[in-house]
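Visitor: Sending over a structure as structure tokens; questions will come in a sec.
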Amino acid sequence: MKKIVTLVLGFFMAFQVQAQEKTDAMLFGDVKCNGKHVPYVNITIKNTTIGTMTDETGHYKLANLPVGKITVVAQSIGYKTKEQEVVMKRNKGTELFIDLEEDPLALEQVVVTGTRTKHYIKDVPIRTEVITAKSIEIKNASNLYEVLEGTPGIRVEQQCQYCNFSMIRMQGLGSENTQVLINGQPLYSGLAAVYGLQQMGTDDVDRVEVVKGAGSALYGSGAIAGAINIITKEPSYVPEIKVSTQFGNFGTNKYDVFASLRNEKGNIGLTVNAGKLTGKAIDQTSEGTTLSEVKHKDGISDRVASNLNNAGFGLYASNIFSENDKLILRGRYTYEKREGGIMADDYYKNPFTDGTESITTDRYETELSYKTTFNETSEINFSVAYASHNRTATNDTYLCDFMDTHNDSTPDVRNMRPYLADENSVTGTLTYGKKLNSHHLLIGAQGSFDKLKESGMYVIVDPESDYYGTSYKSISHKSAHELGFFAQDEWQLSNKITIVPGARFDIHHSEEEYSANKQVFTAAFPESKFNKNSFSPRIALKYEVLPKLTLRANVGTGFRAPYGFSEDLHLCSGSPRVWKSSDLEPEKSISYNLSADYYGCKIRFSANLFRTDLKDKIAFADADAQVAALGYDYQWENIDNAFVQGVEASLMTNLFSNLDATVNFTLNQGEYEHARADWVGTQYEKDSKYISRFPASTGDIKFEYNKNGWVFSIDGSYQGRMYIDYYSEDENLSKIKHTSPYMLFNAKITKTIRSFKLYAGAKNIFNYIQPEKHLDDAAFMYAPMYGTMFYAGISVNLIK
């Protein structure tokens, strides 16, 4: 990492000599709104790389500007973009005073995910929701899961009591059906799908864009439920160094630094960020079926101890090979150690003890992108990204299986081995866009390659096997490659109507091969290969009924082919051997979305009807007798067809000049076509048709008051009733629980004093805890397992 940073800094310094022409044409002035100066507004010269930012008093100046007529652009979150023309003369100063209009509902936020082209959020043909950097700061989100909390139609849920794995559920569908993108590239899949978004910090995130409904027409496999695009910050026009420190209860501490600068010409920029997040193990609950039983410590961690470190950089260069191009090189490093289990005498710190979870992540990723425009109507974008993801993990499965088959004797410590995983992936995307009269055409190709090696310790536990009680190391080699071609046309039929047809064709190939370090089965594992092609069309329509009222409709298809490390498999030990038959069908879907958006001056109201029909839903199950005879523990199956549907409503309003409010509410329904096989013949057969963990209703409310440098915010999140499976070690106790609704509240207060920002807050302020807990099913988790978390911190802008 040090070598990479050294090369980046050297490259940056080499371009520092490229200063702009010395014209001595100076522009200076101030920026106001309603008679008050506005600090930290971006001031740029259109079609150039020249820019600056107003200082804390709202004033700015620019030197050595091009001579002649120029267009000055003023932009800031919360205000409408303003453009003004001015004539610059050599060796002379010119005054320009800019008045901005408020945009409290952020209607001029630029988005790119819905169509892979730039649009203001109020004009985009595909409905897109945005979480801005300002919103991220206000909610004090430490990772991407916390960023997404409170977004209509999205539920962030914990899936494991022991390792604290979380996942995203979008409109009722699991995280395996949601494509997560980093600057448009699908980097977070496979191993990174488990813990990955919990490990990604937020200090370098500019915004997060959410597009719901099948998106495979643009983004390929896995975008059945939609796409989440995490877009990182670009360098600011003035040097910036922001340092922040935060302390909380249970050792929940955070340290971040973010730096940004550009050269004098403005065409070379650099961002650097680093962060550290720590937390001690927490024990507040115990096993029980009532709240009074649960609210007692049992000596087992409810939150794992963690030590997370992030570092990254972004190098931006414009006008390198032509007048309208941009080259970006980004890099990121993540290291995390999380461990939990029996807390007495730090028992859990020995990774090979019973009841212990110990997981280490070591990840590098880098991205190179290039964009160039020509003839003012054509644009080429190319990007390639590489990720190396390594995981070392232990739990007590091997230990317990060994003891069960050896009269409670423990294995030789020299034979103890962790689960080891090494994944390398490359993805690349090439697009060409062309504006032609009322059409904006886009064609592109995307390819990806992934290679995953896993190994772990197992014990033969089948008493009928000749190898009963034998320990062995299982090794797997997995690979996959996909190639997709897509096309889209944004056709503006009139000033009011835009239609967007598009389609994508994907070729998927994956293969998996398993082996053991000794003979433990009567036959060798057969190699598994999977080849499927998929065609995914989509059509969208935008109709501007009135200047402030827009209707949108979207019908699209999606598909998913299982590969590698599944989110479902995070609860398994070692290197899980999962048979993937060539007869397995990929999941396919068709989604329908109909929305209405009202964009008023101080009110924004949105309503969205959605439905997704899912065909050949894939899940993994215990291997049947024939597959088990081949040496496999599990198998992928097409279990059933299913649907999810519902209605989302959202209201954003600026109640007064200093008070903003947001209210969201969603009604949901999700069912399988048939009762699930595990529950057929039980009293829960009827309930098993409902999709687990999908609340019948959800809601969010948020108030934010801002005045004289003070910001007060409070938000609440409501989770309605849902069904959740409990698989007990005693089959007679297994059940499907219909949960009670609950609501969580958070609050924060912030004071800004010049370059200092002081803040304090609390999460889960009413100390809500899940009222039922079972230790024999780690996945039985639908609400917090520990109570209120307090924090306080300070951030400082050292240069601005």
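A note on labels: chains of the structure tokens are A, B, ... as shown, every chain counts residues from 1, and ligands are counted from 1 in their shown order.
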Fewer than 6 positions away in the same chain doesn't count, so skip those; otherwise give me all residues within 6 Å of region 156-173 of chain A, counting only C-alpha atoms, as a ChimeraX atom specification.

Guide: /A:195,694,778-779

Visitor: Could you save those same residues with all heavy atoms as a compact mmCIF listing (two decimals), in the first residue's frame?

Guide:
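Dumped everything to part-v1.txt:
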```
# COMPACT_ATOMS: atom_id res chain seq x y z
N TYR A 195 -20.27 -9.29 5.21
CA TYR A 195 -19.52 -8.30 5.97
C TYR A 195 -19.05 -7.11 5.14
O TYR A 195 -18.68 -6.07 5.69
CB TYR A 195 -18.28 -8.90 6.67
CG TYR A 195 -18.52 -10.19 7.39
CD1 TYR A 195 -17.80 -11.33 7.08
CD2 TYR A 195 -19.47 -10.27 8.40
CE1 TYR A 195 -18.03 -12.53 7.75
CE2 TYR A 195 -19.71 -11.46 9.08
CZ TYR A 195 -18.99 -12.59 8.75
OH TYR A 195 -19.21 -13.76 9.40
N PHE A 694 -39.83 -10.55 6.00
CA PHE A 694 -40.38 -9.48 5.16
C PHE A 694 -41.55 -8.85 5.90
O PHE A 694 -42.65 -9.39 5.91
CB PHE A 694 -40.82 -10.06 3.82
CG PHE A 694 -41.23 -9.03 2.80
CD1 PHE A 694 -40.70 -7.74 2.82
CD2 PHE A 694 -42.12 -9.35 1.79
CE1 PHE A 694 -41.07 -6.80 1.88
CE2 PHE A 694 -42.49 -8.41 0.84
CZ PHE A 694 -41.97 -7.14 0.88
N ALA A 778 -28.54 -19.49 15.24
CA ALA A 778 -27.88 -18.18 15.16
C ALA A 778 -28.63 -17.21 14.27
O ALA A 778 -28.51 -16.00 14.42
CB ALA A 778 -26.45 -18.35 14.66
N ALA A 779 -29.43 -17.74 13.33
CA ALA A 779 -30.13 -16.87 12.38
C ALA A 779 -31.47 -16.37 12.91
O ALA A 779 -32.14 -15.58 12.23
CB ALA A 779 -30.35 -17.61 11.06
```

Visitor: So that I can see what lies close to Pro39 (chain A), please list as a count of residues only the residues with an atom at most 7 Å from it, counting only C-alpha atoms and leaving out residues fewer than 5 positions away in the same chain.

Guide: 5

Visitor: With DSSP run on the backbone, what are the strand (DSSP E) residues within region 310-397 of chain A? I'd like them as JSON, numbers by chain.

Guide: {"A": [310, 311, 312, 313, 314, 315, 316, 317, 318, 325, 326, 327, 328, 329, 330, 331, 332, 333, 334, 335, 336, 337, 338, 339, 340, 357, 358, 359, 360, 361, 362, 363, 364, 365, 366, 367, 368, 369, 370, 371, 372, 373, 374, 378, 379, 380, 381, 382, 383, 384, 385, 386, 387, 388, 389, 390, 391, 392, 393, 394]}

Visitor: What is the CA of Ser476 (chain A)-CA of Val180 (chain A) distance in Å, reported with one decimal?

Guide: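 According to the coordinates, CA of Ser476 (chain A) and CA of Val180 (chain A) are separated by 25.6 Å.
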
Visitor: In terms of the shortest atom-to-atom distance over only C-alpha atoms, which of A:Gly646, A:Gly355, A:Gly279, A:Pro239 is closest to Gly251 (chain A)?

Guide: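 Among the listed residues, A:Gly279 lies closest to Gly251 (chain A).
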
Visitor: Would you list the contacts of His439 (chain A) as a list in words, taking every protein, DNA or RNA residue within 8 Å and counting only C-alpha atoms, but skipping same-chain residues closer than 5 positions in sequence?

Guide: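 That gives Asp489, Glu490, Trp491 and Gln492 of chain A.
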
Visitor: Taking into account only C-alpha atoms, which residue in the set A:Gly51, A:Gly150, A:Gly314, A:Pro418 is nearest to Lys702 (chain A)?

Guide: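 Nearest candidate to Lys702 (chain A) out of A:Gly51, A:Gly150, A:Gly314, A:Pro418: A:Gly150.
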
Visitor: DSSP on the backbone: what in region 122-192 of chain A comes out helix (DSSP H, G or I), as a list in words?

Guide: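 Residues of region 122-192 of chain A classed as helix (DSSP H, G or I): Ala133, Lys134, Ser135, Ile136, Glu137, Ile138, Leu144, Tyr145, Glu146, Val147, Leu148, Ser175, Glu176, Asn177, Gly190, Leu191 and Ala192 of chain A.
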
Visitor: I'd like the neighbourhood of Ile50 (chain A) as a list in words, where a residue qualifies if any of its atoms comes within 9 Å (using only C-alpha atoms), though same-chain residues fewer than 4 positions away should be ignored.

Guide: Gln20, Ile43, Thr44, Ile45, Lys46, Leu62, Leu65, Tyr237, Glu264, Lys265, Gly266 and Asn267 of chain A

Visitor: May I have the residues within 7 Å of region 547-562 of chain A as JSON, numbers by chain, using only C-alpha atoms and disregarding those fewer than 4 positions away in the same chain?

Guide: {"A": [125, 214, 215, 216, 221, 222, 223, 224, 536, 537, 538, 539, 540, 541, 542, 543, 586, 587, 588, 589, 590, 591, 592, 593, 594, 595, 596, 597, 598, 599, 600]}

Visitor: Would you write out those residues with N, CA and C atoms, as a tab-separated table (two decimals), in the first residue's frame?

Guide:
```tsv
chain	number	residue	atom	x	y	z
A	125	PRO	N	-35.57	9.38	-16.09
A	125	PRO	CA	-36.69	8.52	-16.52
A	125	PRO	C	-36.92	7.32	-15.59
A	214	ALA	N	-36.17	-4.74	-11.28
A	214	ALA	CA	-35.19	-5.52	-12.01
A	214	ALA	C	-34.30	-4.62	-12.86
A	215	GLY	N	-32.98	-4.73	-12.64
A	215	GLY	CA	-32.03	-3.90	-13.37
A	215	GLY	C	-31.04	-4.69	-14.19
A	216	SER	N	-31.35	-5.96	-14.47
A	216	SER	CA	-30.41	-6.79	-15.23
A	216	SER	C	-30.20	-6.28	-16.65
A	221	SER	N	-26.35	-10.06	-14.01
A	221	SER	CA	-26.77	-11.04	-13.01
A	221	SER	C	-26.79	-10.43	-11.61
A	222	GLY	N	-27.84	-10.76	-10.87
A	222	GLY	CA	-27.92	-10.33	-9.49
A	222	GLY	C	-28.76	-9.09	-9.26
A	223	ALA	N	-29.18	-8.39	-10.32
A	223	ALA	CA	-29.92	-7.14	-10.15
A	223	ALA	C	-31.43	-7.38	-10.24
A	224	ILE	N	-31.89	-8.50	-9.68
A	224	ILE	CA	-33.31	-8.83	-9.73
A	224	ILE	C	-34.14	-7.82	-8.94
A	536	SER	N	-32.39	-10.10	-21.12
A	536	SER	CA	-33.13	-9.29	-20.14
A	536	SER	C	-33.56	-7.97	-20.77
A	537	PRO	N	-34.81	-7.84	-21.18
A	537	PRO	CA	-35.31	-6.57	-21.71
A	537	PRO	C	-35.90	-5.69	-20.61
A	538	ARG	N	-36.00	-4.40	-20.87
A	538	ARG	CA	-36.62	-3.47	-19.95
A	538	ARG	C	-37.18	-2.30	-20.74
A	539	ILE	N	-38.29	-1.75	-20.29
A	539	ILE	CA	-38.82	-0.53	-20.90
A	539	ILE	C	-39.34	0.38	-19.78
A	540	ALA	N	-39.05	1.66	-19.92
A	540	ALA	CA	-39.47	2.64	-18.92
A	540	ALA	C	-40.13	3.82	-19.62
A	541	LEU	N	-41.05	4.46	-18.91
A	541	LEU	CA	-41.77	5.60	-19.45
A	541	LEU	C	-41.85	6.69	-18.39
A	542	LYS	N	-41.54	7.93	-18.81
A	542	LYS	CA	-41.70	9.10	-17.93
A	542	LYS	C	-42.65	10.08	-18.59
A	543	TYR	N	-43.67	10.50	-17.85
A	543	TYR	CA	-44.65	11.44	-18.38
A	543	TYR	C	-44.80	12.60	-17.39
A	586	PRO	N	-31.41	-20.84	-13.62
A	586	PRO	CA	-31.17	-19.57	-12.93
A	586	PRO	C	-32.48	-18.94	-12.49
A	587	GLU	N	-32.41	-18.17	-11.42
A	587	GLU	CA	-33.59	-17.40	-11.02
A	587	GLU	C	-33.90	-16.37	-12.10
A	588	LYS	N	-35.18	-16.21	-12.39
A	588	LYS	CA	-35.59	-15.18	-13.34
A	588	LYS	C	-36.75	-14.41	-12.73
A	589	SER	N	-36.87	-13.17	-13.14
A	589	SER	CA	-37.92	-12.33	-12.56
A	589	SER	C	-38.45	-11.36	-13.60
A	590	ILE	N	-39.63	-10.87	-13.31
A	590	ILE	CA	-40.18	-9.73	-14.04
A	590	ILE	C	-40.74	-8.77	-13.00
A	591	SER	N	-40.36	-7.50	-13.12
A	591	SER	CA	-40.74	-6.49	-12.14
A	591	SER	C	-41.58	-5.40	-12.80
A	592	TYR	N	-42.52	-4.88	-12.02
A	592	TYR	CA	-43.38	-3.79	-12.47
A	592	TYR	C	-43.31	-2.68	-11.42
A	593	ASN	N	-43.10	-1.47	-11.86
A	593	ASN	CA	-43.10	-0.31	-10.97
A	593	ASN	C	-43.90	0.82	-11.60
A	594	LEU	N	-44.77	1.41	-10.83
A	594	LEU	CA	-45.54	2.57	-11.27
A	594	LEU	C	-45.46	3.61	-10.16
A	595	SER	N	-44.97	4.80	-10.48
A	595	SER	CA	-44.76	5.81	-9.45
A	595	SER	C	-45.27	7.17	-9.88
A	596	ALA	N	-45.60	7.97	-8.88
A	596	ALA	CA	-46.00	9.36	-9.08
A	596	ALA	C	-45.17	10.22	-8.13
A	597	ASP	N	-44.58	11.29	-8.66
A	597	ASP	CA	-43.73	12.18	-7.86
A	597	ASP	C	-44.19	13.61	-8.04
A	598	TYR	N	-44.46	14.27	-6.91
A	598	TYR	CA	-44.81	15.68	-6.91
A	598	TYR	C	-43.63	16.47	-6.37
A	599	TYR	N	-43.13	17.42	-7.17
A	599	TYR	CA	-41.96	18.22	-6.79
A	599	TYR	C	-42.40	19.66	-6.56
A	600	GLY	N	-42.76	19.96	-5.34
A	600	GLY	CA	-43.13	21.33	-5.02
A	600	GLY	C	-41.94	22.12	-4.52
```

Visitor: Got a sec: who's within 7 Å of Gly312 (chain A), counting only C-alpha atoms, leaving out chain neighbours fewer than 2 positions off, as a list in words?

Guide: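 Everything that qualifies: Val272, Asn273, Ala274, Asn310, Gly331, Arg332 and Tyr333 of chain A.
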
Visitor: Only C-alpha atoms, please: the residues just picked out, written as a PDB file, in the first residue's frame.

Guide:
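Heads up, here's the output in part.pdb:
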```
ATOM      1  CA  VAL A 272      -6.809  10.446   0.461  1.00  0.00           C
ATOM      2  CA  ASN A 273      -8.796   8.912   3.289  1.00  0.00           C
ATOM      3  CA  ALA A 274      -8.168   6.652   6.267  1.00  0.00           C
ATOM      4  CA  ASN A 310      -9.798   1.459   6.006  1.00  0.00           C
ATOM      5  CA  GLY A 331      -7.589   2.305  -4.539  1.00  0.00           C
ATOM      6  CA  ARG A 332      -8.920   1.006  -1.248  1.00  0.00           C
ATOM      7  CA  TYR A 333      -7.585  -1.256   1.506  1.00  0.00           C
TER       8      TYR A 333
END
```

Visitor: Excluding Asn764 (chain A) and residues on its chain fewer than 3 positions from it, collect all residues at most 7 Å away from it, counting only C-alpha atoms, and give them as a PDB file with C-alpha atoms, in the first residue's frame.

Guide:
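Result saved to around.pdb:
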```
ATOM      1  CA  LEU A 744     -36.430   2.333  17.105  1.00  0.00           C
ATOM      2  CA  PHE A 745     -35.479   5.986  17.671  1.00  0.00           C
ATOM      3  CA  ASN A 746     -32.178   7.847  17.221  1.00  0.00           C
ATOM      4  CA  ASN A 767     -33.360   0.625  24.665  1.00  0.00           C
ATOM      5  CA  TYR A 768     -35.474  -1.825  22.604  1.00  0.00           C
ATOM      6  CA  GLY A 787     -29.662  -1.538  23.808  1.00  0.00           C
ATOM      7  CA  THR A 788     -28.841   2.161  23.624  1.00  0.00           C
ATOM      8  CA  MET A 789     -25.542   3.277  22.126  1.00  0.00           C
TER       9      MET A 789
END
```

Visitor: With distances taken over only C-alpha atoms, which residue among A:Ser755, A:Ser455, A:Asn531, A:Gln75 lies nearest Thr392 (chain A)?

Guide: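 The closest residue to Thr392 (chain A) is A:Ser455.
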
Visitor: Between A:Lys532, A:Lys242, A:His774, A:His509, which has the minimum distance to Phe756 (chain A) (counting only C-alpha atoms)?

Guide: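 The closest residue to Phe756 (chain A) is A:Lys242.
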
Visitor: A:Ile603, A:Thr52, A:Glu544, A:Glu772: which is nearest Ala106 (chain A), counting only C-alpha atoms?

Guide: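 Using only C-alpha atoms, Ala106 (chain A) sits closest to A:Ile603.
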
Visitor: Between A:Ala792, A:Leu655, A:Ile126, A:Ile769, which one has atoms that come closest to His296 (chain A), using only C-alpha atoms?

Guide: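 Distance minimum relative to His296 (chain A) lands on A:Ile769.
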
Visitor: Between CA of Ala421 (chain A) and CA of His389 (chain A), what distance in Å does the model show, to one decimal?

Guide: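 CA of Ala421 (chain A) sits 8.0 Å away from CA of His389 (chain A).
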